[in-house]
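Visitor: Here it is: the structure, laid out below.
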Amino acid sequence: MRLPWGTACLIMVLMCASARTQQLSESVLTSDDELWEALQEGVITYDQYLVLREIIENGLDSTNRHLLDEIPNLFYLFKTDSMRIDPIEQEQVSGFRSVEIKKAQSPRIRGQVGHRYTMFLDNEQRTWYRSRADLSVENRWRFRLQAIRERGGAERVVSRSVGYRNRTGLVRRIEVGSFTTRFGLGTLFGHRGQILDASSNINAESWSYPSYGGYNGLLAELRSGGWEIRSLASLTRDSSHRMFTAGLMIERAVGKIRPGLVVGQVNLVNRGSGVSVEIPMASALVYYDYRTGYAAGELSHQGSETSATSVVLEGRHRFETAELRYAAWRYDDDFVDLTAGSKSAVLSEPDTLAAVAFSYRSRRVGQRGGLVKTTIEPSGRMAFSNSLLRAENTRDASRQQFFSGLAYNLSPDWQWRLAYLGDWRHDPGTAPADRSDHQLRLETRYTTARVRAKCYIGVDVDGRDSDHAVLFVSARYVMTDGSAYEIWSNLGEIDTDGLQYWYAFARGSWPLGSYLTAAAKLSNSYRRDGPDSNATQMSLELNATL
């Protein structure tokens, strides 16, 4: 049936009233450079920067779709094929390329090999690079390797793995080396992000323990009938600590209900003193699938010297012209966040395991919160999206965000969009403790088979900074020979004193025969009050597609 407007309004009222308090954002981040700029401007945290950089380079496929939780304004749900998504979601998802190598009759070996070299065009001549290889043999075996030199000069192996995948049979997936996975809703095992330091040089240490935010070891997935079994063993270390992780998940499909059990343990050792902390863990989870949506929940327990529980709920419900998505989470104050990858807001809390002298920051310790999103399509031309997020933690710090966007298609090629994002933060450890930020944007897009253009103007009212305007323009054109040209300009901060921040680039890519593609990118970043008022970079890239 169609969703009556009265019901739609009721959903909006309940959404704003019931959520007691993932990140909402207007930023679309599609490359290392844009990530770096977002980090410098404070749009994302350093932990987010590391994880999003991994997603951009590794892409999203069927094995790591849960990493959508890390992309601003998105959150992962198990059924994604029939979900209604708004324009900003579409753009964000498309920015993270899929690396899933599709089945083909020939050739036997398929994949990509690439190298990107970047330099600052200044007297210091700073350079960095990223090399990667992703190859599939017989559509089942997969080989991956990535190495980088970062802006700071560190040169290291990022990840390397050998994997086997099969859509049928008992053994569905085996990974040896670097991998990411999530058991259940991730309260015990997920993509935590890099928590230990890494070797700063490409050597035996870097090869054995790469600079990767996932696991390092062995993953196995088995399926038979309605049963699914996953197991992992991982070993990571740095100069001061070593962490061993082992986990097992068993699920059983019984009609529309799929219950499951997760057990495991984490051992963290101080390599200097030899003292270790052992954290046994267990969780119960259940999924309920129905024709127009699903609901899922996981209850976990960590028990050792301390005892902590956590609970995560999520689900979606699709109406004929609307969709409701929701998630809620609660973690105890004693929760040890070493391997979790479940839902949480970007609201970090310092934590310490005193016995092994290990300090880190966590988005989950003592956090409780929730997120609700509605997408309503009253007609084929119009989409109305609203999101509300609220979270708070042990220190009485809190964050609340509200997003509302209205998109209208003038034609199949033209679209207009009006959006508002409000962000309220309270942190007793900062001065002032309260901060609010309000963004309003009017945007137009033009998209055809060869042309993609976007322009928006916006106003940002920041409670702790000067109010400013934003003007963004981008355009991309694909020639008949396959070459493509793109320009990007973000006048990100214009206030009463003039232009404070501007980032722009021009990029071209050219096919070199049937298998090679070359690309060049020239970018410039201007910050009026920054240490480098003008920073110009040149990137050269060569990719081979087999």
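Going by the structure tokens order, chains are called A, B, ..., each with residues numbered from 1, while ligands are numbered from 1 in the order shown.
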Near Phe189 (chain A), counting only C-alpha atoms, which residues have an atom at most 6 Å away, once you skip same-chain residues fewer than 6 positions from it, shown as a list of chain:residue names?

Guide: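 Counting only C-alpha atoms, the residues come to A:Arg182, A:Phe183, A:Thr339, A:Ala340.
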
Visitor: For region 138-145 of chain A, list every protein, DNA or RNA residue within 6 Å, evaluated using only C-alpha atoms, and leave out those in the same chain fewer than 2 positions away; present the list as a ChimeraX atom specification.

Guide: /A:103,108,132-136,159-165

Visitor: What is the CA of His468 (chain A) to CA of Ile494 (chain A) distance in Å?

Guide: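 Taking CA of His468 (chain A) and CA of Ile494 (chain A), their separation equals 5.1 Å.
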
Visitor: If we count only C-alpha atoms, what is near region 388-391 of chain A at a cut-off of 6 Å, once residues fewer than 5 positions away on the same chain are taken out, given as a PyMOL selection string?

Guide: chain A and resi 20-21+368-372+398-402

Visitor: Quick one: DSSP strand (DSSP E or B) residues in region 369-472 of chain A, as a PyMOL selection string?

Guide: chain A and resi 369-379+382-392+398-409+414-426+434-447+451-462+468-472

Visitor: Just checking: using only C-alpha atoms, which residue out of A:Leu440, A:Leu248, A:Val312, A:Leu268 ends up closest to Ala282 (chain A)?

Guide: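 Looking only at the distances to Ala282 (chain A), the closest residue turns out to be A:Leu248.
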
Visitor: Fewer than 4 positions away in the same chain doesn't count, so skip those; otherwise give me all residues within 10 Å of Tyr290 (chain A), counting only C-alpha atoms, as a count of residues only.

Guide: 5

Visitor: Using only C-alpha atoms, which protein or nucleic acid residues come within 8 Å of Asp197 (chain A)? Drop anything in the same chain fewer than 2 positions from it, and give the result as a CSV table (one decimal) with all heavy atoms, in the first residue's frame.

Guide:
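Written output follows (selection-v5.csv):
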chain,number,residue,atom,x,y,z
A,194,GLN,N,43.2,0.6,12.7
A,194,GLN,CA,44.6,0.3,13.2
A,194,GLN,C,44.7,0.8,14.6
A,194,GLN,O,44.5,2.0,14.9
A,194,GLN,CB,45.6,1.0,12.3
A,194,GLN,CG,47.0,0.6,12.6
A,194,GLN,CD,48.0,1.1,11.5
A,194,GLN,OE1,47.6,1.3,10.3
A,194,GLN,NE2,49.2,1.3,11.9
A,195,ILE,N,45.2,-0.1,15.5
A,195,ILE,CA,45.3,0.2,16.9
A,195,ILE,C,46.7,0.1,17.4
A,195,ILE,O,47.1,0.7,18.4
A,195,ILE,CB,44.3,-0.7,17.7
A,195,ILE,CG1,44.2,-0.1,19.1
A,195,ILE,CG2,44.8,-2.1,17.8
A,195,ILE,CD1,43.1,-0.8,19.9
A,199,SER,N,55.7,-0.7,11.4
A,199,SER,CA,57.0,-0.4,11.0
A,199,SER,C,57.1,0.7,10.0
A,199,SER,O,56.2,0.9,9.1
A,199,SER,CB,57.6,-1.7,10.4
A,199,SER,OG,58.9,-1.4,9.8
A,211,SER,N,50.8,-2.3,7.9
A,211,SER,CA,50.1,-1.2,8.4
A,211,SER,C,48.7,-1.2,7.9
A,211,SER,O,48.3,-0.5,7.0
A,211,SER,CB,50.8,0.1,7.9
A,211,SER,OG,50.1,1.2,8.3
A,237,ARG,N,51.4,-6.8,15.9
A,237,ARG,CA,52.3,-6.4,16.9
A,237,ARG,C,53.0,-5.1,16.5
A,237,ARG,O,53.1,-4.8,15.3
A,237,ARG,CB,53.4,-7.4,17.3
A,237,ARG,CG,54.5,-7.6,16.3
A,237,ARG,CD,55.5,-8.6,16.7
A,237,ARG,NE,56.7,-8.6,15.9
A,237,ARG,CZ,57.6,-9.5,15.9
A,237,ARG,NH1,57.5,-10.6,16.7
A,237,ARG,NH2,58.7,-9.4,15.1
A,238,ASP,N,53.6,-4.4,17.5
A,238,ASP,CA,54.5,-3.3,17.2
A,238,ASP,C,55.6,-3.4,18.2
A,238,ASP,O,55.9,-4.4,18.8
A,238,ASP,CB,53.7,-1.9,17.3
A,238,ASP,CG,53.1,-1.7,18.7
A,238,ASP,OD1,53.5,-2.4,19.6
A,238,ASP,OD2,52.3,-0.8,18.8
A,239,SER,N,56.4,-2.3,18.4
A,239,SER,CA,57.6,-2.4,19.2
A,239,SER,C,57.3,-2.6,20.7
A,239,SER,O,58.2,-3.1,21.4
A,239,SER,CB,58.4,-1.1,19.0
A,239,SER,OG,57.7,0.0,19.4

Visitor: Using only C-alpha atoms, which residues sit within 7 Å of Tyr117 (chain A) once same-chain residues fewer than 2 positions away are excluded, as a PyMOL selection string?

Guide: chain A and resi 115+119+128-130+539-541

Visitor: One number please: CA of Val473 (chain A) to CA of Arg116 (chain A), in Å, one decimal.

Guide: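 Between CA of Val473 (chain A) and CA of Arg116 (chain A) the gap is 25.2 Å.
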
Visitor: What's the 7 Å shell around Ser509 (chain A), counting only C-alpha atoms, without same-chain residues fewer than 4 positions away, as a list in words?

Guide: Ser483, Ala484, Tyr485, Thr517, Ala518, Ala519 and Ala520 of chain A

Visitor: Rank A:Trp424, A:Lys373, A:Gly498, A:Val356 by their smallest atom-to-atom distance to Tyr326 (chain A), using only C-alpha atoms, and report the top residue only.

Guide: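 Of A:Trp424, A:Lys373, A:Gly498, A:Val356, the one nearest Tyr326 (chain A), counting only C-alpha atoms, is A:Lys373.
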
Visitor: Taking only C-alpha atoms into account, name the residue in A:Ser208, A:Ser379, A:Ser131, A:Ser348 that is nearest to Thr236 (chain A).

Guide: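 Closest to Thr236 (chain A) of all the choices is A:Ser208.
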
Visitor: Kindly indicate which residue among A:Asn267, A:Thr444, A:Gln439, A:Ser300 lies nearest to Ala469 (chain A), using only C-alpha atoms for the distances.

Guide: A:Gln439

Visitor: From the set A:Pro280, A:Gly225, A:Gly184, A:Pro428, which residue has the shortest atom-to-atom contact distance to Gly341 (chain A), counting only C-alpha atoms?

Guide: A:Gly184

Visitor: Check the smallest atom-to-atom distance from each of A:Tyr360, A:Thr448, A:Leu185, A:Ala233 to Ala475 (chain A) using only C-alpha atoms, then report the winner.

Guide: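 Among the listed residues, the smallest separation from Ala475 (chain A) belongs to A:Thr448.
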
Visitor: Select from region 267-384 of chain A every residue with an atom at most 12 Å from any atom of region 35-48 of chain A, then for each give the shortest pair of atoms and their distance in Å to one decimal, using only C-alpha atoms, rows by chain and rising number, as a tab-separated table.

Guide:
residue	atom	partner	partner_atom	distance
A:Ala345	CA	A:Gln48	CA	11.5
A:Val346	CA	A:Thr45	CA	8.4
A:Leu347	CA	A:Thr45	CA	10.1
A:Ser348	CA	A:Thr45	CA	9.9
A:Tyr360	CA	A:Asp47	CA	11.3
A:Arg361	CA	A:Asp47	CA	9.5
A:Ser362	CA	A:Asp47	CA	10.0
A:Arg363	CA	A:Asp47	CA	10.2

Visitor: Taking all heavy atoms for each residue, export the selection above as a PDB file, in the first residue's frame.

Guide:
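Contents of result.pdb, as written:
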ATOM      1  N   ALA A 345      28.840   6.240  17.197  1.00  0.00           N
ATOM      2  CA  ALA A 345      29.001   7.590  16.686  1.00  0.00           C
ATOM      3  C   ALA A 345      30.458   8.017  16.799  1.00  0.00           C
ATOM      4  O   ALA A 345      31.244   7.419  17.539  1.00  0.00           O
ATOM      5  CB  ALA A 345      28.102   8.553  17.458  1.00  0.00           C
ATOM      6  N   VAL A 346      30.822   9.063  16.063  1.00  0.00           N
ATOM      7  CA  VAL A 346      32.180   9.604  16.133  1.00  0.00           C
ATOM      8  C   VAL A 346      32.266  10.473  17.377  1.00  0.00           C
ATOM      9  O   VAL A 346      32.127  11.697  17.343  1.00  0.00           O
ATOM     10  CB  VAL A 346      32.524  10.387  14.864  1.00  0.00           C
ATOM     11  CG1 VAL A 346      33.960  10.912  14.935  1.00  0.00           C
ATOM     12  CG2 VAL A 346      32.356   9.503  13.642  1.00  0.00           C
ATOM     13  N   LEU A 347      32.454   9.801  18.504  1.00  0.00           N
ATOM     14  CA  LEU A 347      32.540  10.440  19.818  1.00  0.00           C
ATOM     15  C   LEU A 347      33.508   9.606  20.644  1.00  0.00           C
ATOM     16  O   LEU A 347      33.128   8.608  21.245  1.00  0.00           O
ATOM     17  CB  LEU A 347      31.150  10.493  20.464  1.00  0.00           C
ATOM     18  CG  LEU A 347      31.007  11.275  21.762  1.00  0.00           C
ATOM     19  CD1 LEU A 347      31.220  12.757  21.515  1.00  0.00           C
ATOM     20  CD2 LEU A 347      29.633  11.028  22.379  1.00  0.00           C
ATOM     21  N   SER A 348      34.773   9.974  20.625  1.00  0.00           N
ATOM     22  CA  SER A 348      35.809   9.095  21.184  1.00  0.00           C
ATOM     23  C   SER A 348      36.011   9.331  22.668  1.00  0.00           C
ATOM     24  O   SER A 348      35.702  10.397  23.211  1.00  0.00           O
ATOM     25  CB  SER A 348      37.134   9.295  20.449  1.00  0.00           C
ATOM     26  OG  SER A 348      37.586  10.617  20.606  1.00  0.00           O
ATOM     27  N   TYR A 360      44.731   3.979  24.468  1.00  0.00           N
ATOM     28  CA  TYR A 360      44.152   4.160  23.144  1.00  0.00           C
ATOM     29  C   TYR A 360      42.872   4.966  23.269  1.00  0.00           C
ATOM     30  O   TYR A 360      42.412   5.255  24.376  1.00  0.00           O
ATOM     31  CB  TYR A 360      43.876   2.812  22.481  1.00  0.00           C
ATOM     32  CG  TYR A 360      42.809   1.983  23.168  1.00  0.00           C
ATOM     33  CD1 TYR A 360      41.528   1.888  22.649  1.00  0.00           C
ATOM     34  CD2 TYR A 360      43.082   1.280  24.352  1.00  0.00           C
ATOM     35  CE1 TYR A 360      40.541   1.136  23.267  1.00  0.00           C
ATOM     36  CE2 TYR A 360      42.113   0.525  24.972  1.00  0.00           C
ATOM     37  CZ  TYR A 360      40.841   0.458  24.428  1.00  0.00           C
ATOM     38  OH  TYR A 360      39.870  -0.290  25.050  1.00  0.00           O
ATOM     39  N   ARG A 361      42.291   5.343  22.136  1.00  0.00           N
ATOM     40  CA  ARG A 361      41.016   6.034  22.129  1.00  0.00           C
ATOM     41  C   ARG A 361      39.965   5.129  21.499  1.00  0.00           C
ATOM     42  O   ARG A 361      40.251   4.405  20.542  1.00  0.00           O
ATOM     43  CB  ARG A 361      41.100   7.346  21.350  1.00  0.00           C
ATOM     44  CG  ARG A 361      42.034   8.358  21.974  1.00  0.00           C
ATOM     45  CD  ARG A 361      41.882   9.711  21.339  1.00  0.00           C
ATOM     46  NE  ARG A 361      40.587  10.318  21.655  1.00  0.00           N
ATOM     47  CZ  ARG A 361      40.352  11.048  22.751  1.00  0.00           C
ATOM     48  NH1 ARG A 361      41.321  11.239  23.632  1.00  0.00           N
ATOM     49  NH2 ARG A 361      39.156  11.569  22.953  1.00  0.00           N
ATOM     50  N   SER A 362      38.756   5.190  22.037  1.00  0.00           N
ATOM     51  CA  SER A 362      37.688   4.315  21.575  1.00  0.00           C
ATOM     52  C   SER A 362      36.425   5.113  21.327  1.00  0.00           C
ATOM     53  O   SER A 362      36.100   6.044  22.076  1.00  0.00           O
ATOM     54  CB  SER A 362      37.415   3.226  22.613  1.00  0.00           C
ATOM     55  OG  SER A 362      36.205   2.555  22.328  1.00  0.00           O
ATOM     56  N   ARG A 363      35.695   4.733  20.265  1.00  0.00           N
ATOM     57  CA  ARG A 363      34.379   5.314  20.002  1.00  0.00           C
ATOM     58  C   ARG A 363      33.276   4.552  20.721  1.00  0.00           C
ATOM     59  O   ARG A 363      32.114   4.938  20.615  1.00  0.00           O
ATOM     60  CB  ARG A 363      34.078   5.291  18.502  1.00  0.00           C
ATOM     61  CG  ARG A 363      34.980   6.175  17.697  1.00  0.00           C
ATOM     62  CD  ARG A 363      34.631   6.221  16.226  1.00  0.00           C
ATOM     63  NE  ARG A 363      33.773   5.169  15.735  1.00  0.00           N
ATOM     64  CZ  ARG A 363      33.707   4.829  14.463  1.00  0.00           C
ATOM     65  NH1 ARG A 363      34.466   5.446  13.570  1.00  0.00           N
ATOM     66  NH2 ARG A 363      32.899   3.872  14.068  1.00  0.00           N
TER      67      ARG A 363
END
